[in-house]
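Dumped work_18.cif below, it's mmCIF, C-alpha atoms and all ligand atoms:
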```cif
data_entry
loop_
_atom_site.label_atom_id
_atom_site.label_comp_id
_atom_site.auth_asym_id
_atom_site.auth_seq_id
_atom_site.Cartn_x
_atom_site.Cartn_y
_atom_site.Cartn_z
CA MET P 181 -115.93 -29.63 -143.38
CA LEU P 182 -116.76 -31.05 -146.78
CA ASN P 183 -119.68 -32.88 -145.25
CA ASN P 184 -120.86 -29.67 -143.61
CA GLN P 185 -120.77 -27.89 -146.97
CA LYS P 186 -122.73 -30.72 -148.56
CA VAL P 187 -125.39 -30.51 -145.88
CA LYS P 188 -125.62 -26.73 -146.37
CA LEU P 189 -125.95 -27.18 -150.13
CA LEU P 190 -128.69 -29.80 -149.73
CA TYR P 191 -130.49 -27.50 -147.30
CA ILE P 192 -130.36 -24.61 -149.80
CA ILE P 193 -131.65 -26.86 -152.60
CA PHE P 194 -134.45 -28.03 -150.32
CA LEU P 195 -135.38 -24.40 -149.53
CA ILE P 196 -135.42 -23.42 -153.23
CA VAL P 197 -137.65 -26.39 -154.15
CA ALA P 198 -140.01 -25.59 -151.28
CA LEU P 199 -140.18 -21.94 -152.38
CA LEU P 200 -140.91 -22.86 -156.00
CA LYS P 201 -143.70 -25.13 -154.83
CA MET P 202 -145.28 -22.26 -152.89
CA VAL P 203 -145.62 -19.98 -155.90
CA ASN P 204 -147.04 -20.71 -159.30
CA ALA P 205 -143.94 -20.82 -161.50
CA ALA P 206 -145.95 -19.33 -164.37
CA GLU P 207 -146.53 -16.22 -162.28
CA ILE P 208 -142.85 -15.38 -162.07
CA LEU P 209 -141.85 -12.62 -164.44
CA ASP P 210 -138.33 -11.78 -165.46
CA ARG P 211 -138.70 -8.79 -163.15
CA GLY P 212 -139.46 -11.11 -160.25
CA ILE P 213 -143.03 -9.97 -159.75
CA TYR P 214 -145.53 -12.67 -158.88
CA LEU P 215 -148.97 -12.55 -157.39
CA PRO P 216 -149.70 -13.87 -153.89
CA LEU P 217 -151.14 -17.38 -153.55
CA SER P 218 -154.80 -17.75 -154.52
CA ASP P 219 -157.25 -16.93 -151.74
CA THR P 220 -160.35 -17.92 -153.79
CA PRO P 221 -161.02 -20.94 -156.06
CA PHE P 222 -160.43 -18.60 -159.04
CA GLY P 223 -157.28 -16.74 -158.04
CA VAL P 224 -156.31 -13.90 -155.71
CA ARG P 225 -158.94 -11.36 -154.74
CA ALA P 226 -158.02 -7.79 -155.66
CA THR P 227 -158.57 -6.73 -152.03
CA ASN P 228 -155.62 -8.89 -150.88
CA ALA P 229 -153.30 -6.42 -149.09
CA ALA P 230 -150.15 -8.21 -150.34
CA LEU P 231 -150.98 -6.88 -153.82
CA ASP P 232 -150.37 -3.31 -152.58
CA THR P 233 -146.68 -4.10 -152.11
CA LEU P 234 -146.12 -5.11 -155.76
CA MET P 235 -144.85 -2.37 -158.08
CA PRO P 236 -145.57 -2.87 -161.79
CA ARG P 237 -143.94 -0.83 -164.54
CA GLU P 238 -145.84 2.24 -165.81
CA MET P 239 -148.72 1.58 -168.15
CA PRO P 240 -147.52 2.24 -171.74
CA CYS P 241 -149.07 5.16 -173.65
CA LEU P 242 -151.83 4.78 -176.24
CA ASP P 243 -150.78 4.92 -179.90
CA SER P 244 -152.62 6.83 -182.65
CA LYS P 245 -155.09 3.93 -183.13
CA SER P 246 -156.16 3.87 -179.45
CA LYS P 247 -154.04 0.75 -178.88
CA ARG P 248 -151.68 0.19 -175.96
CA PRO P 249 -148.71 -2.17 -176.25
CA THR P 250 -148.59 -5.12 -173.88
CA LEU P 251 -145.54 -5.40 -171.62
CA ASN P 252 -144.74 -8.93 -172.81
CA ARG P 253 -144.85 -8.33 -176.59
CA TYR P 254 -148.18 -10.10 -177.05
CA GLY P 255 -149.46 -7.38 -179.33
CA PHE P 256 -151.67 -4.50 -178.23
CA GLU P 257 -154.68 -3.97 -176.04
CA THR P 258 -157.40 -2.30 -178.07
CA THR P 259 -159.22 0.28 -176.01
CA LEU P 260 -162.15 0.34 -178.47
CA SER P 261 -165.00 -2.04 -177.77
CA ASP P 262 -166.94 -4.04 -180.39
CA ARG P 263 -170.45 -5.53 -180.51
CA PHE P 264 -169.24 -8.87 -179.09
CA SER P 265 -167.34 -7.40 -176.12
CA GLU P 266 -170.24 -5.00 -175.41
CA ASP P 267 -172.70 -7.92 -175.24
CA TRP P 268 -170.34 -9.79 -172.92
CA VAL P 269 -170.15 -6.82 -170.53
CA LYS P 270 -173.95 -6.68 -170.33
CA LYS P 271 -174.31 -10.43 -169.79
CA ALA P 272 -171.61 -10.49 -167.07
CA LEU P 273 -174.02 -8.68 -164.73
CA PHE P 274 -176.71 -11.28 -165.47
CA TYR P 275 -174.36 -14.09 -164.39
CA ALA P 276 -173.19 -12.15 -161.33
CA GLU P 277 -176.82 -11.94 -160.22
CA LEU P 278 -176.92 -15.76 -160.42
CA GLY P 279 -173.84 -15.83 -158.16
CA LEU P 280 -171.42 -16.75 -160.96
CA PRO P 281 -168.24 -14.95 -162.02
CA SER P 282 -167.39 -14.15 -165.62
CA VAL P 283 -163.82 -14.65 -166.79
CA GLU P 284 -161.79 -12.55 -169.22
CA ILE P 285 -158.84 -14.58 -170.52
CA GLY P 286 -155.91 -12.44 -171.72
CA ALA P 287 -157.47 -9.37 -170.09
CA ALA P 288 -154.31 -7.21 -170.30
CA TYR P 289 -155.14 -3.81 -168.70
CA GLY P 290 -158.88 -4.55 -168.79
CA GLN P 291 -159.98 -1.45 -170.72
CA THR P 292 -162.74 -2.74 -172.96
CA ALA P 293 -164.35 -5.51 -170.97
CA THR P 294 -163.22 -6.17 -167.37
CA LEU P 295 -163.31 -2.51 -166.24
CA PRO P 296 -166.75 -1.72 -167.76
CA ALA P 297 -168.16 -5.04 -166.47
CA LEU P 298 -166.95 -4.22 -162.94
CA ALA P 299 -168.47 -0.75 -163.26
CA ALA P 300 -171.76 -2.38 -164.25
CA GLY P 301 -171.72 -4.49 -161.06
CA ALA P 302 -170.40 -7.85 -162.34
CA THR P 303 -167.94 -10.18 -160.62
CA ILE P 304 -164.93 -10.70 -162.86
CA VAL P 305 -161.94 -13.02 -162.91
CA ALA P 306 -159.26 -11.23 -164.94
CA ASN P 307 -156.74 -13.73 -166.30
CA ASP P 308 -153.44 -12.89 -167.99
CA ILE P 309 -150.03 -14.53 -168.10
CA CYS P 310 -148.43 -11.16 -167.31
CA PRO P 311 -148.89 -10.31 -163.59
CA GLU P 312 -147.96 -6.67 -164.24
CA HIS P 313 -150.89 -6.28 -166.64
CA LEU P 314 -153.23 -7.44 -163.88
CA LEU P 315 -151.64 -5.15 -161.29
CA LEU P 316 -152.09 -2.19 -163.66
CA LEU P 317 -155.68 -3.28 -164.26
CA ARG P 318 -156.30 -3.44 -160.49
CA GLU P 319 -154.86 0.07 -160.00
CA GLN P 320 -157.63 1.42 -162.22
CA VAL P 321 -160.41 -0.20 -160.18
CA PRO P 322 -161.94 1.96 -157.44
CA VAL P 323 -161.36 0.38 -154.02
CA ASP P 324 -165.08 -0.24 -153.43
CA ARG P 325 -165.25 -2.46 -156.54
CA ARG P 326 -162.17 -4.55 -155.82
CA SER P 327 -163.97 -7.26 -153.87
CA ARG P 328 -165.66 -8.21 -157.17
CA LEU P 329 -162.35 -8.59 -159.00
CA ILE P 330 -160.17 -11.72 -158.86
CA LEU P 331 -156.75 -11.92 -160.53
CA ASN P 332 -155.46 -15.11 -162.14
CA THR P 333 -152.14 -15.63 -163.96
CA GLU P 334 -152.48 -19.28 -164.97
CA PRO P 335 -151.74 -19.72 -168.69
CA PHE P 336 -154.82 -20.59 -170.71
CA PRO P 337 -155.80 -23.36 -171.43
CA ASP P 338 -154.21 -24.92 -168.33
CA ILE P 339 -156.21 -23.19 -165.62
CA SER P 340 -157.48 -24.90 -162.48
CA PHE P 341 -161.15 -23.77 -162.47
CA GLU P 342 -163.77 -26.19 -161.22
CA ALA P 343 -166.31 -27.74 -163.61
CA GLY P 344 -169.56 -25.76 -163.91
CA SER P 345 -168.24 -22.80 -161.89
CA VAL P 346 -168.21 -19.95 -164.46
CA GLY P 347 -171.07 -17.99 -166.09
CA SER P 348 -169.26 -16.66 -169.15
CA PHE P 349 -165.84 -16.36 -170.76
CA LEU P 350 -164.43 -13.64 -173.00
CA LEU P 351 -161.31 -14.28 -175.09
CA ARG P 352 -160.62 -11.14 -177.07
CA SER P 353 -157.53 -11.09 -179.26
CA VAL P 354 -155.88 -13.90 -177.33
CA MET P 355 -156.95 -17.19 -178.98
CA HIS P 356 -154.85 -16.31 -182.03
CA PHE P 357 -151.67 -16.88 -180.00
CA LEU P 358 -152.57 -20.55 -179.49
CA ALA P 359 -151.54 -23.49 -181.66
CA PRO P 360 -154.28 -25.96 -182.70
CA PRO P 361 -153.81 -28.50 -179.83
CA GLU P 362 -154.03 -25.72 -177.19
CA MET P 363 -156.99 -24.20 -179.02
CA GLU P 364 -158.86 -27.53 -178.97
CA ARG P 365 -157.96 -28.20 -175.33
CA GLY P 366 -158.96 -24.65 -174.44
CA ILE P 367 -162.43 -24.90 -175.98
CA THR P 368 -162.99 -28.30 -174.35
CA ASN P 369 -161.89 -26.90 -170.96
CA ILE P 370 -164.12 -23.83 -171.30
CA TYR P 371 -167.08 -26.11 -172.01
CA ARG P 372 -166.32 -28.04 -168.79
CA TRP P 373 -165.75 -24.90 -166.67
CA LEU P 374 -169.01 -23.26 -167.82
CA VAL P 375 -172.26 -23.72 -165.96
CA PRO P 376 -174.95 -25.35 -168.18
CA GLY P 377 -176.53 -22.42 -170.06
CA GLY P 378 -173.28 -20.41 -169.78
CA GLU P 379 -171.52 -18.85 -172.74
CA VAL P 380 -168.20 -18.06 -174.38
CA THR P 381 -167.37 -15.07 -176.57
CA ILE P 382 -164.27 -15.24 -178.74
CA SER P 383 -162.86 -12.60 -181.05
CA ILE P 384 -159.82 -13.16 -183.13
CA MET P 385 -157.80 -11.63 -185.97
CA SER P 386 -159.18 -12.85 -189.30
CA PRO P 387 -157.35 -13.92 -192.47
CA PHE P 388 -159.20 -11.02 -194.17
CA HIS P 389 -157.20 -8.49 -192.11
CA TYR P 390 -155.67 -5.92 -194.45
CA ILE P 391 -152.10 -6.74 -193.41
CA LEU P 392 -152.66 -10.38 -194.45
CA LYS P 393 -153.65 -9.73 -198.09
CA ASP P 394 -150.75 -11.93 -199.26
CA PHE P 395 -151.71 -14.74 -196.88
CA LEU P 396 -155.44 -15.03 -197.67
CA SER P 397 -155.04 -17.27 -200.74
CA GLU P 398 -152.81 -19.64 -198.72
CA TYR P 399 -155.50 -19.80 -196.02
CA GLU P 400 -158.17 -20.66 -198.59
CA LYS P 401 -155.92 -23.26 -200.22
CA ARG P 402 -155.16 -24.95 -196.91
CA TRP P 403 -158.86 -25.02 -195.92
CA SER P 404 -159.96 -26.40 -199.30
CA THR P 405 -157.37 -29.20 -199.06
CA GLY P 406 -158.65 -30.35 -195.67
CA ASN P 407 -156.46 -28.41 -193.23
CA LEU P 408 -158.83 -27.82 -190.27
CA TRP P 409 -156.56 -25.09 -188.87
CA PRO P 410 -155.49 -23.18 -191.98
CA GLY P 411 -154.52 -19.91 -190.27
CA GLU P 412 -151.12 -20.63 -188.71
CA ILE P 413 -148.49 -17.99 -189.57
CA ASN P 414 -144.89 -18.45 -188.42
CA ASP P 415 -143.41 -15.20 -189.74
CA MET P 416 -145.89 -12.59 -188.57
CA ARG P 417 -143.21 -9.90 -188.23
CA THR P 418 -142.68 -10.08 -192.01
CA TYR P 419 -146.37 -9.26 -192.55
CA ASN P 420 -146.31 -6.50 -189.93
CA PRO P 421 -142.76 -5.07 -189.84
CA GLY P 422 -143.92 -1.73 -188.42
CA GLU P 423 -145.00 -3.42 -185.17
CA ALA P 424 -142.35 -6.16 -185.11
CA ASP P 425 -141.09 -5.09 -181.67
CA ALA P 426 -144.51 -5.56 -180.11
CA ILE P 427 -145.77 -8.86 -181.54
CA PRO P 428 -144.78 -12.53 -181.54
CA GLU P 429 -143.70 -14.30 -184.77
CA TYR P 430 -146.51 -16.87 -184.42
CA LEU P 431 -150.13 -15.96 -185.05
CA HIS P 432 -153.08 -18.25 -185.69
CA VAL P 433 -155.79 -16.31 -187.52
CA MET P 434 -159.21 -17.66 -188.46
CA ASP P 435 -162.71 -16.94 -189.67
CA GLY P 436 -165.89 -18.78 -188.71
CA ARG P 437 -165.14 -22.06 -190.48
CA PRO P 438 -162.52 -23.57 -188.12
CA LEU P 439 -164.03 -21.92 -185.04
CA ILE P 440 -167.60 -23.08 -185.64
CA ARG P 441 -166.39 -26.58 -186.43
CA ILE P 442 -164.51 -26.99 -183.14
CA LEU P 443 -167.14 -25.22 -181.00
CA GLU P 444 -169.92 -27.44 -182.36
CA ALA P 445 -167.77 -30.57 -182.11
CA VAL P 446 -167.30 -29.88 -178.39
CA GLY P 447 -171.06 -29.37 -177.87
CA PHE P 448 -171.62 -25.61 -178.07
CA LYS P 449 -174.58 -23.99 -179.87
CA ILE P 450 -173.63 -20.89 -181.90
CA GLU P 451 -175.70 -17.81 -181.00
CA LYS P 452 -174.04 -15.00 -182.89
CA GLU P 453 -171.10 -14.69 -185.30
CA GLY P 454 -169.65 -12.25 -187.77
CA PHE P 455 -166.74 -10.08 -188.89
CA PHE P 456 -166.02 -6.65 -187.50
CA GLY P 457 -163.52 -3.83 -187.91
CA PHE P 458 -162.57 -0.61 -186.13
CA PRO P 459 -163.34 2.95 -187.28
CA HIS P 460 -159.66 4.00 -187.51
CA SER P 461 -158.98 1.38 -190.20
CA ARG P 462 -162.13 1.88 -192.27
CA ALA P 463 -160.09 3.13 -195.26
CA LYS P 464 -158.03 -0.08 -195.36
CA ASP P 465 -160.84 -2.35 -194.18
CA PRO P 466 -163.99 -0.92 -195.83
CA GLU P 467 -166.01 -4.13 -195.36
CA GLY P 468 -165.06 -4.43 -191.67
CA LYS P 469 -163.55 -7.93 -191.91
CA ALA P 470 -160.28 -7.56 -189.99
CA TYR P 471 -161.61 -9.48 -186.96
CA PHE P 472 -164.05 -12.32 -186.44
CA GLY P 473 -166.29 -12.64 -183.37
CA ILE P 474 -168.48 -15.46 -182.12
CA ARG P 475 -170.70 -16.22 -179.12
CA ALA P 476 -171.55 -19.81 -178.27
CA VAL P 477 -173.67 -21.34 -175.50
CA LYS P 478 -173.33 -24.55 -173.52
CA PRO P 479 -176.81 -26.12 -173.62
CA LYS P 480 -178.76 -25.96 -170.34
CA SER P 481 -179.56 -29.66 -170.54
CA VAL P 482 -175.88 -30.70 -170.17
CA LYS P 483 -175.02 -32.15 -166.76
CA THR P 484 -171.90 -30.86 -164.96
CA GLU P 485 -169.29 -33.65 -164.39
C1 LIG D 1 -153.40 -8.67 -177.69
S1 LIG D 1 -153.60 -8.63 -175.95
C2 LIG D 1 -155.36 -8.53 -175.88
C3 LIG D 1 -155.83 -7.69 -174.72
C4 LIG D 1 -157.34 -7.49 -174.60
N1 LIG D 1 -158.03 -8.74 -174.40
C5 LIG D 1 -157.93 -6.75 -175.80
O1 LIG D 1 -158.96 -7.19 -176.28
O2 LIG D 1 -157.43 -5.74 -176.21
C6 LIG D 1 -153.29 -10.34 -175.54
C7 LIG D 1 -153.14 -10.59 -174.03
O3 LIG D 1 -153.23 -12.01 -173.81
C8 LIG D 1 -152.26 -12.40 -172.86
N2 LIG D 1 -151.97 -13.82 -173.13
C9 LIG D 1 -151.26 -14.34 -174.16
N3 LIG D 1 -151.27 -15.68 -174.09
C10 LIG D 1 -151.99 -16.02 -172.99
C11 LIG D 1 -152.37 -17.26 -172.38
N4 LIG D 1 -151.97 -18.43 -172.89
N5 LIG D 1 -153.13 -17.25 -171.27
C12 LIG D 1 -153.52 -16.05 -170.73
N6 LIG D 1 -153.19 -14.85 -171.26
C13 LIG D 1 -152.45 -14.82 -172.37
C14 LIG D 1 -151.10 -11.45 -173.07
O4 LIG D 1 -150.29 -11.34 -171.93
C15 LIG D 1 -151.82 -10.15 -173.45
O5 LIG D 1 -152.05 -9.36 -172.32
#
```
Take the structure in this file and express it as structure tokens.
Ligand SMILES: C[S@@+](CC[C@H](N)C(=O)[O-])C[C@H]1O[C@@H](n2cnc3c(N)ncnc32)[C@H](O)[C@@H]1O
Amino acid sequence: MLNNQKVKLLYIIFLIVALLKMVNAAEILDRGIYLPLSDTPFGVRATNAALDTLMPREMPCLDSKSKRPTLNRYGFETTLSDRFSEDWVKKALFYAELGLPSVEIGAAYGQTATLPALAAGATIVANDICPEHLLLLREQVPVDRRSRLILNTEPFPDISFEAGSVGSFLLRSVMHFLAPPEMERGITNIYRWLVPGGEVTISIMSPFHYILKDFLSEYEKRWSTGNLWPGEINDMRTYNPGEADAIPEYLHVMDGRPLIRILEAVGFKIEKEGFFGFPHSRAKDPEGKAYFGIRAVKPKSVKTE
């Protein structure tokens, strides 16, 4: 009897291990929603019928600044575009015409980049660690555009894309959740995943953001004393108590200095860079320096591994 029970227990353990191997553990949410297995080299195509059976929560409402909270407390999706995300949307069609997808990392509900790029005719891989975000994004895509949308929930920077397989990347308000080692690995991986001549656009919260007035001098001090990643903040909810429920404690802000250094060290050529702000915060951010954006290109002459 005891032996029988042992055999049953071993069998159950075997089944659980086999099941965990079948799904990407990172895709499992506390609500038990996970995407089907990838059916393309980039993730699961939005036309996959198994996606129709998954029920995400309702999309949260917009706040007074046209921002929508994420479901996993990774801040807000901004529904307002900026000059860097607008350029990326236009270029995504160019890469699609070359047969290459463009990837948005941390796409959330896709409002400012993935949805307009799909509308323009591009092929987009929308990546986000929260499967529900991607399901809500997919719901907004008309059925006849879904074959050009692929969903991916692998956590950046540990994604399994092939070298030289992507035309462009957009990382908008997501890099600032990464610690320096992940940031460095991420930029190195993006360089490898990009086709020669491909590009990456990054925008990030800057240390000149109006809620970080008390942190700016610390940032400058760290940079001037040789800290290559001076923007790490471990008590972000103290700086932003009004949104404490919606943001993580850790944030890694930066301006062009650390970003340009690492991008150039990896081999990128910088094409465009600069600060930007949003109209609703003009009174607090008159110079438009709350965010920093950059576009960098992998030289055409580089050979793919
Ligand atoms: C602040 S929202 C930004 C949404 C959108 N890109 C925008 O510009 O408004 C950050 C998003 O990044 C996702 N995210 C956070 N860390 C991630 C990671 N390591 N890999 C992929 N997505 C991540 C979160 O789930 C969230 O949806």
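Around ligand LIG 1 (chain D), the neighbouring residues within 6 Å, taking only C-alpha atoms and all ligand atoms, come to Thr250, Tyr254, Gly255, Phe256, Glu257, Thr258, Ile285, Gly286, Ala287, Ala288, Asn307, Asp308, Ile309, Cys310, Pro335, Phe336, Arg352, Ser353 and Val354 of chain P.
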Q. With distances taken over only C-alpha atoms, which of P:His460, P:Leu392, P:Lys186, P:Val482 is nearest to Asp243 in chain P?
A.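 Comparing P:His460, P:Leu392, P:Lys186, P:Val482 against Asp243 in chain P, the winner is P:His460.
Nearest to His313 in chain P of all the residues P:Ala293, P:Leu251, P:Val224, P:Leu242 is P:Leu251, based on all atoms listed in the file.
Proximity to Ile442 in chain P at 12 Å, evaluated using all atoms listed in the file and with sequence-adjacent residues fewer than 2 positions away removed, yields Pro360, Pro361, Met363, Glu364, Arg365, Gly366, Ile367, Thr368, Tyr371, Leu408, Trp409, Met434, Gly436, Arg437, Pro438, Leu439, Ile440, Glu444, Ala445, Val446, Gly447, Phe448, Lys449, Ile450 and Ala476 of chain P.
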| Smallest atom-to-atom distance to Gly454 in chain P: which of P:Glu429, P:Glu398, P:Asp219, P:Asp262, using all atoms listed in the file? |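 Answer, going by the shortest atom-to-atom distance: P:Asp262.
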Between P:Ala226, P:Ala302, P:Met239, P:Leu316, single out the one closest to Val269 in chain P, counting all atoms listed in the file.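 Closest to Val269 in chain P, using all atoms listed in the file: P:Ala302.
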Expected answer as a PyMOL selection string: all residues with atoms within 10 Å of (-143.5, -9.0, -152.4), all atoms listed in the file: chain P and resi 212-216+230-235
- prompt: Any idea what's packed within 7 Å of Ser327 in chain P, counting all atoms listed in the file, ignoring anything in its chain fewer than 2 positions away? Could you give it as JSON, numbers by chain?
  reply: {"P": [225, 226, 227, 325, 329]}
As a check of understanding: the span from CA of Lys452 in chain P to CA of Arg475 in chain P is 5.2 Å
Top pick for closest residue to Val346 in chain P, considering P:Thr303, P:Thr292, P:Ser282, P:Thr259 and counting only C-alpha atoms: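 That would be P:Ser282, the residue with the smallest distance to Val346 in chain P.
Atom to atom, CA of His356 in chain P and CA of Leu431 in chain P stand 5.6 Å apart.
Picture a line from CA of Asp394 in chain P to CA of Gly473 in chain P; it runs 22.2 Å.
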Please list, as a PyMOL selection string, the residues that have an atom at most 8 Å away from (-163.4, -15.5, -180.0) in the coordinates of this file, counting only C-alpha atoms. chain P and resi 350-353+355+380-384+472-475
query: Using only C-alpha atoms, which of P:Ser345, P:Tyr191, P:Arg253, P:Gly378 sits nearest Arg417 in chain P?
result: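 Smallest distance to Arg417 in chain P is found for P:Arg253.
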